[in-house]
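Notes follow once the structure below has been shown.
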There are 2 protein chains.
Amino acid sequence: MAATPETMTATATALPDRPKRADARRNYDKLVAAAREVFAEQETGATLEEISKRAGVGIGTLYRHFPARENLIEAAYYDGVEEVATSAIRFADEEPWEALTGWLREVVAFAATKRVLADEMFAVMDRDAPFFKSCSGVVYDAGEPLLSRAQDAGVVRDDVDINDVTKMVMGIANLRTAPAEQIERLVAVALDGLRPPA
Amino acid sequence: MAATPETMTATATALPDRPKRADARRNYDKLVAAAREVFAEQETGATLEEISKRAGVGIGTLYRHFPARENLIEAAYYDGVEEVATSAIRFADEEPWEALTGWLREVVAFAATKRVLADEMFAVMDRDAPFFKSCSGVVYDAGEPLLSRAQDAGVVRDDVDINDVTKMVMGIANLRTAPAEQIERLVAVALDGLRPPA
DNA sequence: AACTATACGGAGGCAGCCTCCGCTTTGTCA
DNA sequence: TGACAAAGCGGAGGCTGCCTCCGTATAGTT
């Protein structure tokens, strides 16, 4: 699901407006695609010059569309967020505990693919930038029903909310020194902490 | 406990050698102190020029002592690590569960004070740089007895090691969007996941 | 006091970030 | 379809921070 102005509600995001003229829109899309490529390849230190070159546009064009580095990062990040959010519905008919934890594992896998981008975002962006709020909002809205259901079923403690749960999981998912296998294991341990106290 | 060449074993660290001439040693210390100050103040984007100015030495001097940015960061970080490691002994005579979790809360508090520095380190340093290994080693050696005791007492599951436990906790501790109160709460939840499965 | 190894410091080269403005393209209106 | 404004393009160049290099200064030694 792509983030286009048409499909976005007021609360959905704070992405730069997608431009109107055909050539501009073309370049905008090329830039986002190039940014995704470059951020996916580079372990670190992607330069904006390289992204603009890869997109086949001038550096000035990049800056017109994305006045600050973060705007480009946001655009490259956002539709992954929407995707993982919507994936929540796929877990609707599993058991409450499996539905919640299954979706959270999905979130972890997503985070793994976007680690460089996420680091960039945190490095560059204010903790409470509107964009973060948007992303959080989308993810929370998606996960909240799964959590509530698990709590109603009595398999998750009542003193946590969806913000708590996703943050806890994301913290572990973003561990930069842990291999994927360990992250999965640690997430499972932490999720066990969500079970109601005996 | 300060990190001096005299007190360091081969495995302890990979810090640059502390220099021999009196003026050089003075400048080295001034630089480390200035780096700590600046990293503590700045939310982000501390410049090396500023650190050298604050220390009252030329930029060339900074680079002679710390050829790469990371060397300075390491030096500024390291003795905090040793401090938190040695704090483990203070929990020796508490109950096994309280000893382990009490010390881990200490680790979390330490992480909170060094967040900028930690971010810098991760941004700049290879995941398996010797320095990381040293820090991990020091912390693991300190925490391992507490974990073993808790496992022997049957209050912590057997399928985790000290590496798992500290990473899980550090992941949550480094959450950049969570206030201290929430981090404490989430760490407590995750630690509950360490209890043996019923 | 003279000497040498050690250390100092900042000018300057380099790279990435970002701005600015003259040129080009698009879309529109007759 | 041609002509015109508005929108968009692009890259030269300024700025800043990173880092190197080398002429000068100082500690320690004899």
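Labeling convention for the structure tokens: chains A, B, ... as they appear, residues from 1 per chain, ligands from 1 in order of appearance.
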Exercise for the section: Restrict the distance test to only C-alpha atoms (C1' of nucleotides), flag each residue of chain C within 9 Å of chain B, and return the flagged residues as a VMD selection string. Expected result: chain C and resid 6 to 10
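Residue list for chain A within 6 Å of chain B: Arg127, Met168, Gly171, Ile172, Leu175, Thr177, Val189, Ala190, Asp192 and Gly193 of chain A, counting only C-alpha atoms.
Selected on chain D by distance to chain B: DG17, DC18, DC19, DT20, DT26, DA27 and DG28 of chain D (within 9 Å, counting only C-alpha atoms (C1' of nucleotides)).
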Exercise for the section: Based on DSSP run over this structure's backbone, return all residues of range 15-177 of chain B in helix (DSSP H, G or I), as number ranges by chain. Expected result: B: 22-41, 48-55, 59-65, 69-91, 96-113, 115-124, 130-152, 162-173
Practice task
Work out how far CA of Ala150 in chain B is from CA of Pro96 in chain B, in Å to one decimal.
Solution key: 4.7 Å
Just want the 10 Å neighbourhood of range 99-102 of chain B, counted on only C-alpha atoms (C1' of nucleotides), with same-chain residues fewer than 2 positions away dropped. Output as a CSV table (one decimal) with N, CA and C atoms, in the first residue's frame.
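See result.csv below for the written result:
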chain,number,residue,atom,x,y,z
B,88,ALA,N,28.3,-4.7,40.6
B,88,ALA,CA,27.7,-6.0,40.8
B,88,ALA,C,27.9,-6.6,42.2
B,89,ILE,N,29.1,-6.4,42.7
B,89,ILE,CA,29.4,-7.0,44.0
B,89,ILE,C,28.5,-6.4,45.1
B,90,ARG,N,28.0,-5.2,44.9
B,90,ARG,CA,27.2,-4.6,46.0
B,90,ARG,C,25.9,-5.4,46.2
B,91,PHE,N,25.6,-6.3,45.2
B,91,PHE,CA,24.3,-7.0,45.3
B,91,PHE,C,24.5,-8.4,45.7
B,92,ALA,N,25.7,-8.7,46.2
B,92,ALA,CA,26.1,-10.1,46.5
B,92,ALA,C,25.2,-10.7,47.6
B,93,ASP,N,24.8,-9.9,48.6
B,93,ASP,CA,24.1,-10.6,49.6
B,93,ASP,C,22.6,-10.4,49.6
B,94,GLU,N,22.1,-10.0,48.5
B,94,GLU,CA,20.6,-9.9,48.4
B,94,GLU,C,20.1,-11.3,47.9
B,95,GLU,N,18.8,-11.4,48.0
B,95,GLU,CA,18.2,-12.7,47.4
B,95,GLU,C,18.6,-12.8,45.9
B,96,PRO,N,18.7,-14.0,45.4
B,96,PRO,CA,19.2,-14.2,44.0
B,96,PRO,C,18.4,-13.4,43.0
B,97,TRP,N,17.1,-13.4,43.1
B,97,TRP,CA,16.3,-12.6,42.1
B,97,TRP,C,16.5,-11.1,42.2
B,104,LEU,N,20.8,-5.2,37.3
B,104,LEU,CA,20.4,-4.8,35.9
B,104,LEU,C,19.7,-3.4,35.9
B,105,ARG,N,19.0,-3.1,36.9
B,105,ARG,CA,18.5,-1.8,37.0
B,105,ARG,C,19.6,-0.7,37.0
B,106,GLU,N,20.6,-1.1,37.7
B,106,GLU,CA,21.8,-0.2,37.7
B,106,GLU,C,22.4,0.0,36.3
B,107,VAL,N,22.4,-1.1,35.6
B,107,VAL,CA,22.9,-1.0,34.2
B,107,VAL,C,22.1,-0.1,33.4
B,108,VAL,N,20.8,-0.2,33.6
B,108,VAL,CA,19.8,0.6,32.8
B,108,VAL,C,20.1,2.1,33.2
B,143,GLY,N,28.3,-9.8,35.7
B,143,GLY,CA,26.9,-10.2,35.9
B,143,GLY,C,26.7,-11.7,36.0
B,144,GLU,N,27.7,-12.4,35.4
B,144,GLU,CA,27.5,-13.9,35.3
B,144,GLU,C,27.2,-14.6,36.7
B,145,PRO,N,28.0,-14.2,37.7
B,145,PRO,CA,27.7,-14.9,39.0
B,145,PRO,C,26.3,-14.6,39.5
B,146,LEU,N,25.8,-13.4,39.3
B,146,LEU,CA,24.5,-13.1,39.7
B,146,LEU,C,23.4,-13.9,39.0
B,147,LEU,N,23.7,-14.1,37.7
B,147,LEU,CA,22.7,-14.9,36.9
B,147,LEU,C,22.8,-16.4,37.3
B,148,SER,N,24.0,-16.9,37.4
B,148,SER,CA,24.1,-18.3,37.8
B,148,SER,C,23.4,-18.6,39.1
B,149,ARG,N,23.7,-17.7,40.0
B,149,ARG,CA,23.1,-17.9,41.4
B,149,ARG,C,21.5,-17.9,41.3
B,150,ALA,N,21.0,-17.0,40.4
B,150,ALA,CA,19.5,-17.0,40.3
B,150,ALA,C,19.1,-18.3,39.6
B,156,VAL,N,15.3,-18.2,37.8
B,156,VAL,CA,15.5,-17.8,36.4
B,156,VAL,C,15.6,-19.0,35.5
B,165,VAL,N,20.7,-11.9,28.7
B,165,VAL,CA,20.0,-11.0,29.6
B,165,VAL,C,20.5,-9.6,29.5
B,187,VAL,N,11.4,-2.8,31.4
B,187,VAL,CA,12.5,-3.7,31.8
B,187,VAL,C,11.9,-4.7,32.8
B,188,ALA,N,11.1,-4.2,33.7
B,188,ALA,CA,10.5,-5.1,34.7
B,188,ALA,C,9.7,-6.2,34.0
B,191,LEU,N,12.0,-8.6,32.3
B,191,LEU,CA,12.7,-9.5,33.3
B,191,LEU,C,11.7,-10.5,33.8
B,192,ASP,N,10.4,-10.2,33.9
B,192,ASP,CA,9.5,-11.2,34.3
B,192,ASP,C,9.5,-12.4,33.4
Fill in the blank from the handout: Counting only C-alpha atoms (C1' of nucleotides), closest pick from A:Lys30, A:Val84, A:Lys53, A:Asp158 relative to DG11 in chain D is A:Lys53
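Coordinates place CA of Val138 in chain B at a distance of 6.9 Å from CA of Glu82 in chain B.
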Handout entry: Residue contacts of DG2 in chain D (12 Å, only C-alpha atoms (C1' of nucleotides)) excluding same-chain residues fewer than 3 positions away, as a list in words
Key = DT28, DC29 and DA30 of chain C
Handout entry: Gap from CA of Glu37 in chain B to CA of Lys114 in chain B - Å, one decimal
Key = 11.3 Å
